[in-house]
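Written out below as structure tokens is the structure these notes cover.
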Amino acid sequence: MSKKYFAISMMTIFVLLISACGAPQVTQAPAATQPQPQPAAPTEAQAPTEPPAPAEPKILRLTSDTGASDYSTIDPSLATQSAEIQVVESTSLGVVRQNETSAEIELAFATDYQASADGLTYTVNLMEGVPWVRYNADSGQVETVKDCDGNDRTVKAQEFAYGIIRTIDPATASDYAYALLPYLAGAQEFNDGTNTDPASVGVKVVDDNTIEYTFTASGVYNLNLLGLWIAHAEPQWLIEGDDCTNAAADRWTEQGFFQSYGPFTLKEWVHDASLTLIKNPFWPGNETVPQAKIDEIQFRILDASAALSEFDAVNLDSAGIPSEDYDRIHTDPAYADMIRPTYTIGTEWYGFNNKLAPTDDQRVRLALSLAIDRELLVKQVVKGGIPAQFFTNPGAAGGPKPELYPDGGIKYDPDKAKELLNEYLTEKNLKPEDLKLVLMANATEGNQKRGEAIVGLWKDVLGIDVSFVTQELKVYLVTRKAGKENIYRASWVQDYPDANNFLFDVFGLNAAFTSVVDWPVNAGPDTSEEYTPGSNPNFDKFEELLKQAANEQDPKKRMDLYAQAEQILLVDEAVIAPLYWYSSDFLMRPEIKDTKSITGYDHYEKWDIER
């Protein structure tokens, strides 16, 4: 029973006791000769008052980060986009998580943990008695989930182990499994089918409230990995079914099926329109993850200009600032107390297909990157952000800082860009108009403006026409993974604030974007091939630098190693073109009391509304 319901029950009992025995009972009528005083008519000040109206529910009205596109999924094992991960992080918890303002690791569902002397094994103790919940649309209430004996199902170590095994199971086809495979003992072998026994994976249930994780090396970021959404507990009985539950399989995250255990749970998901979370009254709260103050969070699926219109109509509590409205809003006094800055440890970038002509040539890729005026882009088009000289955001540990490496990374150099492209065209006996390139992005107003501006720069600087195509997010993610075009828009927001997460986890062999950039091999689903060490010396050097950096204890030496790796990624191979690091202003109503986040994800249970 929650504290809230307990308090209400005790108050009810107290009132009943007062009514039953608190006042003496009159057993005799007063004598007739003693007239009874009549109560005076109440004055206006004394007039009876209506009982106070129940407090209005606190409803936070936001937009999703998907633009006008629907969420692809909110399945912890399958989520890859920040908006999807935000929902997962609000409805469930890892054993640990990042503090949103400092990015430092803190306890979440764990009560404590012990690391072995060699740093390879973590034994984690979990909260006890926290129930799984679901929203009942018929009663309009959140209720606990019952097992086959009618008892509350509570979150146990078994469900955390199941979540990890399901993520790395090849049958799940999780795009984010790569984030665990090199680090968690036995995970790679289980994923590639070398060993099909789940017990071979370094996640062991000690008892209902204790779980043990074993890693392949004593990495400084091992604990961060345990907090990733792909390592959250998942309800096996709902996904696979049991004696009293029909298997929901892939539908388990849909409205009417969804079960969770975090500060919020799913109330409603109207596809392509909105997604609503409701407070979980059965979440007991702890020191780092309190009970929610807000009753509901409504995420509207809107593009930037529509969201701003809804904000101005007081139908939303927050909205981004479209670039075309930036100057107007920043000079209008009506918005003065609603403009808030935000900084996120993340990078906006374009990835090149390294196997498809003409971006199969390093000179073409580097020319395209050098022809992007990043200063102009952030000042005149994006109206926010910091020009990205490196891919790794400098807010990440080990990330090269521009002031320490002024000549490193990539910058605008139109003369060099022209020289490289002309060299390629001369060698191939081609003209600029002979080049056929396609830039693709998921359809949002911001992506549209950036894409049009950069395509314009390529035309002005290099004289080439690049076709620009956008697709709805779900379709785009499939298209991008297939790798059929030359250039793809992408975003990377830290999973943990370390350069390893930007470089090794994104561009290492079989990492997050290997299948997009096809470097060092063509890793598309139809043309997958094994990489042979030695066939690409630059990639071999890149991986070696990252391995050295992962084990380097001296911060300056570690940063030097990552700076060298960035040189290979951005110049020697020109695999990608970083655009800018995330930093912008947005609008928030003054009555919303939020906590600023640099991680890319908000902890809404800490927010409040003072209306």
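In the structure tokens, chains take the letters A, B, ... in the order shown, each chain's residues start at 1, and ligands count up from 1 in the order shown.
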Next on the checklist: Excluding Ser535 (chain A) and its own-chain neighbours fewer than 4 positions away, which residues fall within 12 Å of it when counting only C-alpha atoms? Please give them as number ranges by chain.
Outcome noted: A: 519-521, 530-531, 539-541
Output N, CA, C and O atoms for every residue in the selection just made, as a CSV table (one decimal), in the first residue's frame.
```
chain,number,residue,atom,x,y,z
A,519,TRP,N,32.3,1.5,-42.7
A,519,TRP,CA,33.7,1.6,-42.4
A,519,TRP,C,34.1,0.8,-41.2
A,519,TRP,O,33.4,0.9,-40.2
A,520,PRO,N,35.0,-0.2,-41.3
A,520,PRO,CA,35.9,-0.4,-42.4
A,520,PRO,C,35.4,-1.3,-43.5
A,520,PRO,O,36.1,-1.6,-44.5
A,521,VAL,N,34.2,-1.9,-43.3
A,521,VAL,CA,33.7,-2.9,-44.3
A,521,VAL,C,32.3,-2.5,-44.7
A,521,VAL,O,31.7,-1.6,-44.0
A,530,GLU,N,33.0,-10.0,-43.2
A,530,GLU,CA,33.9,-10.0,-42.0
A,530,GLU,C,35.1,-9.1,-42.3
A,530,GLU,O,35.6,-9.0,-43.4
A,531,TYR,N,35.6,-8.3,-41.3
A,531,TYR,CA,36.7,-7.5,-41.5
A,531,TYR,C,38.0,-8.3,-41.2
A,531,TYR,O,38.1,-9.0,-40.2
A,539,PHE,N,42.1,1.9,-40.0
A,539,PHE,CA,41.1,1.4,-39.1
A,539,PHE,C,41.8,0.7,-38.0
A,539,PHE,O,41.4,0.8,-36.8
A,540,ASP,N,42.8,-0.1,-38.3
A,540,ASP,CA,43.5,-0.9,-37.3
A,540,ASP,C,44.2,0.1,-36.3
A,540,ASP,O,44.2,-0.1,-35.1
A,541,LYS,N,44.7,1.2,-36.8
A,541,LYS,CA,45.4,2.2,-36.0
A,541,LYS,C,44.3,2.9,-35.1
A,541,LYS,O,44.5,3.1,-33.9
```
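Around Gly140 (chain A), within 12 Å and counting only C-alpha atoms, the residues found are Arg134, Tyr135, Asn136, Ala137, Glu143, Gly256, Lys267, Glu268 and Ile278 of chain A, once anything fewer than 3 positions away on its own chain is removed.
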Could the residues in this selection be written to a file with all heavy atoms, as a PDB file, in the first residue's frame?
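Below you can see again25.pdb, which holds the result:
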```
ATOM      1  N   ARG A 134       0.409  -1.375 -14.061  1.00  0.00           N
ATOM      2  CA  ARG A 134      -0.178  -1.098 -15.377  1.00  0.00           C
ATOM      3  C   ARG A 134      -1.305  -0.094 -15.186  1.00  0.00           C
ATOM      4  O   ARG A 134      -1.859   0.035 -14.089  1.00  0.00           O
ATOM      5  CB  ARG A 134      -0.717  -2.367 -16.043  1.00  0.00           C
ATOM      6  CG  ARG A 134      -1.860  -3.016 -15.274  1.00  0.00           C
ATOM      7  CD  ARG A 134      -2.356  -4.283 -15.942  1.00  0.00           C
ATOM      8  NE  ARG A 134      -3.015  -3.997 -17.203  1.00  0.00           N
ATOM      9  CZ  ARG A 134      -4.310  -3.704 -17.317  1.00  0.00           C
ATOM     10  NH1 ARG A 134      -5.087  -3.657 -16.240  1.00  0.00           N
ATOM     11  NH2 ARG A 134      -4.847  -3.474 -18.494  1.00  0.00           N
ATOM     12  N   TYR A 135      -1.638   0.613 -16.260  1.00  0.00           N
ATOM     13  CA  TYR A 135      -2.760   1.542 -16.202  1.00  0.00           C
ATOM     14  C   TYR A 135      -4.010   0.829 -16.689  1.00  0.00           C
ATOM     15  O   TYR A 135      -4.020   0.213 -17.758  1.00  0.00           O
ATOM     16  CB  TYR A 135      -2.491   2.767 -17.079  1.00  0.00           C
ATOM     17  CG  TYR A 135      -3.653   3.721 -17.140  1.00  0.00           C
ATOM     18  CD1 TYR A 135      -3.964   4.523 -16.034  1.00  0.00           C
ATOM     19  CD2 TYR A 135      -4.452   3.800 -18.284  1.00  0.00           C
ATOM     20  CE1 TYR A 135      -5.047   5.401 -16.085  1.00  0.00           C
ATOM     21  CE2 TYR A 135      -5.530   4.674 -18.339  1.00  0.00           C
ATOM     22  CZ  TYR A 135      -5.828   5.468 -17.235  1.00  0.00           C
ATOM     23  OH  TYR A 135      -6.900   6.332 -17.279  1.00  0.00           O
ATOM     24  N   ASN A 136      -5.081   0.911 -15.882  1.00  0.00           N
ATOM     25  CA  ASN A 136      -6.352   0.298 -16.235  1.00  0.00           C
ATOM     26  C   ASN A 136      -7.259   1.387 -16.793  1.00  0.00           C
ATOM     27  O   ASN A 136      -7.737   2.257 -16.059  1.00  0.00           O
ATOM     28  CB  ASN A 136      -6.983  -0.339 -14.992  1.00  0.00           C
ATOM     29  CG  ASN A 136      -8.244  -1.122 -15.324  1.00  0.00           C
ATOM     30  OD1 ASN A 136      -8.977  -0.781 -16.243  1.00  0.00           O
ATOM     31  ND2 ASN A 136      -8.498  -2.179 -14.562  1.00  0.00           N
ATOM     32  N   ALA A 137      -7.500   1.361 -18.084  1.00  0.00           N
ATOM     33  CA  ALA A 137      -8.309   2.399 -18.720  1.00  0.00           C
ATOM     34  C   ALA A 137      -9.755   2.353 -18.259  1.00  0.00           C
ATOM     35  O   ALA A 137     -10.444   3.379 -18.241  1.00  0.00           O
ATOM     36  CB  ALA A 137      -8.230   2.256 -20.243  1.00  0.00           C
ATOM     37  N   GLU A 143      -2.760   0.307 -11.410  1.00  0.00           N
ATOM     38  CA  GLU A 143      -2.940  -0.817 -10.501  1.00  0.00           C
ATOM     39  C   GLU A 143      -1.727  -1.729 -10.556  1.00  0.00           C
ATOM     40  O   GLU A 143      -0.961  -1.713 -11.525  1.00  0.00           O
ATOM     41  CB  GLU A 143      -4.199  -1.606 -10.871  1.00  0.00           C
ATOM     42  CG  GLU A 143      -4.171  -2.197 -12.266  1.00  0.00           C
ATOM     43  CD  GLU A 143      -5.479  -2.829 -12.698  1.00  0.00           C
ATOM     44  OE1 GLU A 143      -6.533  -2.433 -12.139  1.00  0.00           O
ATOM     45  OE2 GLU A 143      -5.457  -3.712 -13.573  1.00  0.00           O
ATOM     46  N   GLY A 256      -2.584  -0.573 -23.061  1.00  0.00           N
ATOM     47  CA  GLY A 256      -3.427  -1.693 -22.646  1.00  0.00           C
ATOM     48  C   GLY A 256      -2.630  -2.919 -22.260  1.00  0.00           C
ATOM     49  O   GLY A 256      -3.135  -3.784 -21.529  1.00  0.00           O
ATOM     50  N   LYS A 267       0.003   5.708 -19.885  1.00  0.00           N
ATOM     51  CA  LYS A 267      -1.456   5.848 -19.806  1.00  0.00           C
ATOM     52  C   LYS A 267      -2.081   5.683 -21.179  1.00  0.00           C
ATOM     53  O   LYS A 267      -3.060   4.942 -21.342  1.00  0.00           O
ATOM     54  CB  LYS A 267      -1.828   7.205 -19.219  1.00  0.00           C
ATOM     55  CG  LYS A 267      -3.337   7.440 -19.155  1.00  0.00           C
ATOM     56  CD  LYS A 267      -3.666   8.820 -18.613  1.00  0.00           C
ATOM     57  CE  LYS A 267      -5.180   9.042 -18.569  1.00  0.00           C
ATOM     58  NZ  LYS A 267      -5.537  10.388 -18.059  1.00  0.00           N
ATOM     59  N   GLU A 268      -1.528   6.383 -22.163  1.00  0.00           N
ATOM     60  CA  GLU A 268      -2.158   6.396 -23.486  1.00  0.00           C
ATOM     61  C   GLU A 268      -1.104   6.645 -24.558  1.00  0.00           C
ATOM     62  O   GLU A 268      -0.175   7.429 -24.352  1.00  0.00           O
ATOM     63  CB  GLU A 268      -3.215   7.505 -23.538  1.00  0.00           C
ATOM     64  CG  GLU A 268      -3.989   7.584 -24.835  1.00  0.00           C
ATOM     65  CD  GLU A 268      -4.998   8.718 -24.824  1.00  0.00           C
ATOM     66  OE1 GLU A 268      -4.568   9.884 -24.679  1.00  0.00           O
ATOM     67  OE2 GLU A 268      -6.206   8.438 -24.940  1.00  0.00           O
ATOM     68  N   ILE A 278       1.536   8.603 -16.863  1.00  0.00           N
ATOM     69  CA  ILE A 278       0.808   8.930 -15.644  1.00  0.00           C
ATOM     70  C   ILE A 278       1.644   8.519 -14.436  1.00  0.00           C
ATOM     71  O   ILE A 278       2.417   7.545 -14.492  1.00  0.00           O
ATOM     72  CB  ILE A 278      -0.576   8.217 -15.620  1.00  0.00           C
ATOM     73  CG1 ILE A 278      -1.402   8.688 -14.422  1.00  0.00           C
ATOM     74  CG2 ILE A 278      -0.424   6.700 -15.627  1.00  0.00           C
ATOM     75  CD1 ILE A 278      -2.861   8.234 -14.494  1.00  0.00           C
TER      76      ILE A 278
END
```
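Ranking A:Asp572, A:Ala396, A:Leu439, A:Phe504 by their shortest atom-to-atom distance to Asn536 (chain A), with only C-alpha atoms included, puts A:Asp572 first.
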Close residues, Val469 (chain A) itself excluded, 8 Å, only C-alpha atoms, min 4 positions apart in chain, as a PDB file with C-alpha atoms, in the first residue's frame:
```pdb
ATOM      1  CA  VAL A 438      21.919  11.980 -52.161  1.00  0.00           C
ATOM      2  CA  LEU A 439      21.668  13.441 -48.664  1.00  0.00           C
ATOM      3  CA  MET A 440      18.976  11.846 -46.504  1.00  0.00           C
ATOM      4  CA  ALA A 441      17.460  12.940 -43.173  1.00  0.00           C
TER       5      ALA A 441
END
```
Skipping near chain neighbours, those fewer than 6 positions away, what residues fall within 12 Å of region 192-195 of chain A using only C-alpha atoms, listed as a PDB file with N, CA and C atoms, in the first residue's frame?
```pdb
ATOM      1  N   ILE A 168      20.614  -8.903 -25.769  1.00  0.00           N
ATOM      2  CA  ILE A 168      21.741  -9.445 -26.528  1.00  0.00           C
ATOM      3  C   ILE A 168      21.397 -10.715 -27.296  1.00  0.00           C
ATOM      4  N   ASP A 169      20.184 -11.237 -27.103  1.00  0.00           N
ATOM      5  CA  ASP A 169      19.742 -12.404 -27.864  1.00  0.00           C
ATOM      6  C   ASP A 169      19.661 -12.020 -29.338  1.00  0.00           C
ATOM      7  N   PRO A 170      20.319 -12.737 -30.235  1.00  0.00           N
ATOM      8  CA  PRO A 170      20.266 -12.374 -31.660  1.00  0.00           C
ATOM      9  C   PRO A 170      18.852 -12.370 -32.208  1.00  0.00           C
ATOM     10  N   ALA A 171      17.943 -13.148 -31.613  1.00  0.00           N
ATOM     11  CA  ALA A 171      16.562 -13.189 -32.094  1.00  0.00           C
ATOM     12  C   ALA A 171      15.850 -11.860 -31.860  1.00  0.00           C
ATOM     13  N   ALA A 173      17.276  -8.929 -32.191  1.00  0.00           N
ATOM     14  CA  ALA A 173      17.809  -7.992 -33.197  1.00  0.00           C
ATOM     15  C   ALA A 173      17.868  -6.570 -32.644  1.00  0.00           C
ATOM     16  N   ALA A 177      22.445  -3.632 -28.869  1.00  0.00           N
ATOM     17  CA  ALA A 177      23.133  -4.706 -28.156  1.00  0.00           C
ATOM     18  C   ALA A 177      24.640  -4.503 -28.162  1.00  0.00           C
ATOM     19  N   TYR A 178      25.145  -3.856 -29.236  1.00  0.00           N
ATOM     20  CA  TYR A 178      26.585  -3.631 -29.353  1.00  0.00           C
ATOM     21  C   TYR A 178      27.157  -2.909 -28.124  1.00  0.00           C
ATOM     22  N   LEU A 181      28.027  -5.839 -25.791  1.00  0.00           N
ATOM     23  CA  LEU A 181      28.733  -7.023 -26.285  1.00  0.00           C
ATOM     24  C   LEU A 181      30.235  -7.039 -25.996  1.00  0.00           C
ATOM     25  N   PRO A 182      30.984  -5.947 -26.193  1.00  0.00           N
ATOM     26  CA  PRO A 182      32.433  -6.036 -25.947  1.00  0.00           C
ATOM     27  C   PRO A 182      32.796  -6.039 -24.466  1.00  0.00           C
ATOM     28  N   ALA A 185      30.905 -10.029 -19.903  1.00  0.00           N
ATOM     29  CA  ALA A 185      31.501 -11.355 -20.141  1.00  0.00           C
ATOM     30  C   ALA A 185      30.488 -12.287 -20.826  1.00  0.00           C
ATOM     31  N   GLY A 186      30.940 -12.947 -21.895  1.00  0.00           N
ATOM     32  CA  GLY A 186      30.114 -13.928 -22.595  1.00  0.00           C
ATOM     33  C   GLY A 186      29.051 -13.342 -23.495  1.00  0.00           C
ATOM     34  N   VAL A 201      26.566 -15.939 -19.937  1.00  0.00           N
ATOM     35  CA  VAL A 201      26.691 -14.481 -19.951  1.00  0.00           C
ATOM     36  C   VAL A 201      26.959 -13.984 -18.533  1.00  0.00           C
ATOM     37  N   ASN A 510      31.616  -3.338 -35.776  1.00  0.00           N
ATOM     38  CA  ASN A 510      30.278  -3.791 -35.386  1.00  0.00           C
ATOM     39  C   ASN A 510      29.636  -2.891 -34.331  1.00  0.00           C
TER      40      ASN A 510
END
```
What lies within 7 Å of region 68-85 of chain A using only C-alpha atoms, ignoring chain neighbours under 2 positions off, as a tab-separated table (two decimals) with N, CA and C atoms, in the first residue's frame?
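Result file is part-v3.tsv:
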```tsv
chain	number	residue	atom	x	y	z
A	64	SER	N	7.23	15.73	-28.08
A	64	SER	CA	8.25	14.69	-28.18
A	64	SER	C	9.42	15.24	-28.98
A	65	ASP	N	10.58	14.58	-28.88
A	65	ASP	CA	11.74	14.99	-29.67
A	65	ASP	C	11.76	14.31	-31.04
A	66	THR	N	10.62	13.75	-31.43
A	66	THR	CA	10.55	13.05	-32.71
A	66	THR	C	10.04	13.95	-33.82
A	87	VAL	N	11.20	7.97	-22.62
A	87	VAL	CA	10.03	7.27	-22.10
A	87	VAL	C	10.45	6.05	-21.28
A	88	VAL	N	11.43	5.30	-21.79
A	88	VAL	CA	11.92	4.13	-21.05
A	88	VAL	C	12.49	4.56	-19.70
A	89	GLU	N	13.28	5.63	-19.69
A	89	GLU	CA	13.91	6.09	-18.45
A	89	GLU	C	12.90	6.63	-17.45
A	167	THR	N	18.07	-8.43	-24.62
A	167	THR	CA	18.71	-7.43	-25.46
A	167	THR	C	19.79	-8.04	-26.33
A	174	SER	N	18.37	-6.43	-31.43
A	174	SER	CA	18.51	-5.12	-30.82
A	174	SER	C	19.64	-4.34	-31.47
A	175	ASP	N	19.33	-3.15	-31.97
A	175	ASP	CA	20.35	-2.31	-32.59
A	175	ASP	C	21.36	-1.80	-31.57
A	176	TYR	N	21.00	-1.83	-30.29
A	176	TYR	CA	21.87	-1.29	-29.26
A	176	TYR	C	22.60	-2.38	-28.47
A	229	TRP	N	19.46	1.86	-20.57
A	229	TRP	CA	18.07	1.40	-20.67
A	229	TRP	C	17.97	-0.03	-21.18
A	230	ILE	N	18.95	-0.47	-21.95
A	230	ILE	CA	18.92	-1.84	-22.48
A	230	ILE	C	19.21	-2.87	-21.40
A	232	HIS	N	17.63	-2.55	-18.31
A	232	HIS	CA	16.53	-2.45	-17.35
A	232	HIS	C	15.81	-3.78	-17.21
A	253	THR	N	4.54	-3.32	-25.36
A	253	THR	CA	4.70	-1.92	-25.02
A	253	THR	C	3.54	-1.06	-25.51
A	271	HIS	N	-1.02	6.75	-31.60
A	271	HIS	CA	0.07	6.76	-32.57
A	271	HIS	C	-0.07	7.94	-33.53
A	272	ASP	N	1.09	8.58	-33.77
A	272	ASP	CA	1.20	9.73	-34.66
A	272	ASP	C	0.54	10.99	-34.09
A	301	ILE	N	3.06	15.03	-30.52
A	301	ILE	CA	3.91	14.76	-31.67
A	301	ILE	C	3.69	15.88	-32.68
A	302	LEU	N	4.55	16.90	-32.61
A	302	LEU	CA	4.40	18.10	-33.41
A	302	LEU	C	5.76	18.55	-33.93
A	303	ASP	N	5.76	19.20	-35.07
A	303	ASP	CA	6.99	19.80	-35.54
A	303	ASP	C	7.18	21.15	-34.85
A	444	THR	N	12.10	16.55	-40.19
A	444	THR	CA	11.73	17.57	-39.21
A	444	THR	C	12.04	18.92	-39.84
A	472	GLU	N	9.86	9.95	-43.07
A	472	GLU	CA	9.32	9.80	-41.72
A	472	GLU	C	10.27	8.92	-40.91
A	473	LEU	N	10.41	9.21	-39.62
A	473	LEU	CA	11.48	8.62	-38.80
A	473	LEU	C	11.56	7.10	-38.90
A	474	LYS	N	10.44	6.39	-38.74
A	474	LYS	CA	10.47	4.93	-38.77
A	474	LYS	C	11.07	4.42	-40.07
```
Next on the checklist: Just the number, please: distance in Å from CA of Pro198 (chain A) to CA of Gln158 (chain A), one decimal.
Outcome noted: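 Value for the CA of Pro198 (chain A)-CA of Gln158 (chain A) distance: 12.4 Å.
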Next on the checklist: Please determine, counting only C-alpha atoms, which residue among A:Ile592, A:Ala499, A:Val95, A:Ala306 has the shortest atom-to-atom distance to Ile211 (chain A).
Outcome noted: A:Val95
Next on the checklist: Just want the 12 Å neighbourhood of Glu427 (chain A), counted on only C-alpha atoms, with same-chain residues fewer than 5 positions away dropped. Output as a PyMOL selection string.
Outcome noted: chain A and resi 361+363+420-422
For the residues in that selection, give me N, CA and C atoms as a PDB file, in the first residue's frame.
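After the write, again.pdb holds the following:
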```pdb
ATOM      1  N   ASP A 361      35.358   7.507 -52.166  1.00  0.00           N
ATOM      2  CA  ASP A 361      36.694   8.098 -52.272  1.00  0.00           C
ATOM      3  C   ASP A 361      36.895   9.106 -51.147  1.00  0.00           C
ATOM      4  N   ARG A 363      38.812  11.577 -50.875  1.00  0.00           N
ATOM      5  CA  ARG A 363      38.928  12.970 -51.312  1.00  0.00           C
ATOM      6  C   ARG A 363      37.555  13.631 -51.431  1.00  0.00           C
ATOM      7  N   LEU A 420      40.702  19.198 -53.544  1.00  0.00           N
ATOM      8  CA  LEU A 420      40.495  17.754 -53.421  1.00  0.00           C
ATOM      9  C   LEU A 420      39.477  17.251 -54.444  1.00  0.00           C
ATOM     10  N   LEU A 421      38.363  17.979 -54.585  1.00  0.00           N
ATOM     11  CA  LEU A 421      37.342  17.524 -55.523  1.00  0.00           C
ATOM     12  C   LEU A 421      37.846  17.595 -56.964  1.00  0.00           C
ATOM     13  N   ASN A 422      38.562  18.650 -57.311  1.00  0.00           N
ATOM     14  CA  ASN A 422      39.094  18.778 -58.672  1.00  0.00           C
ATOM     15  C   ASN A 422      40.083  17.665 -58.978  1.00  0.00           C
TER      16      ASN A 422
END
```
Item to check | region 153-156 of chain A environment, 12 Å, only C-alpha atoms, sequence neighbours closer than 3 positions dropped, as a VMD selection string | outcome: chain A and resid 92 to 95 109 to 110 124 to 134 143 to 150 159 to 163 205 to 211 232 to 238 259 to 262 282 to 283
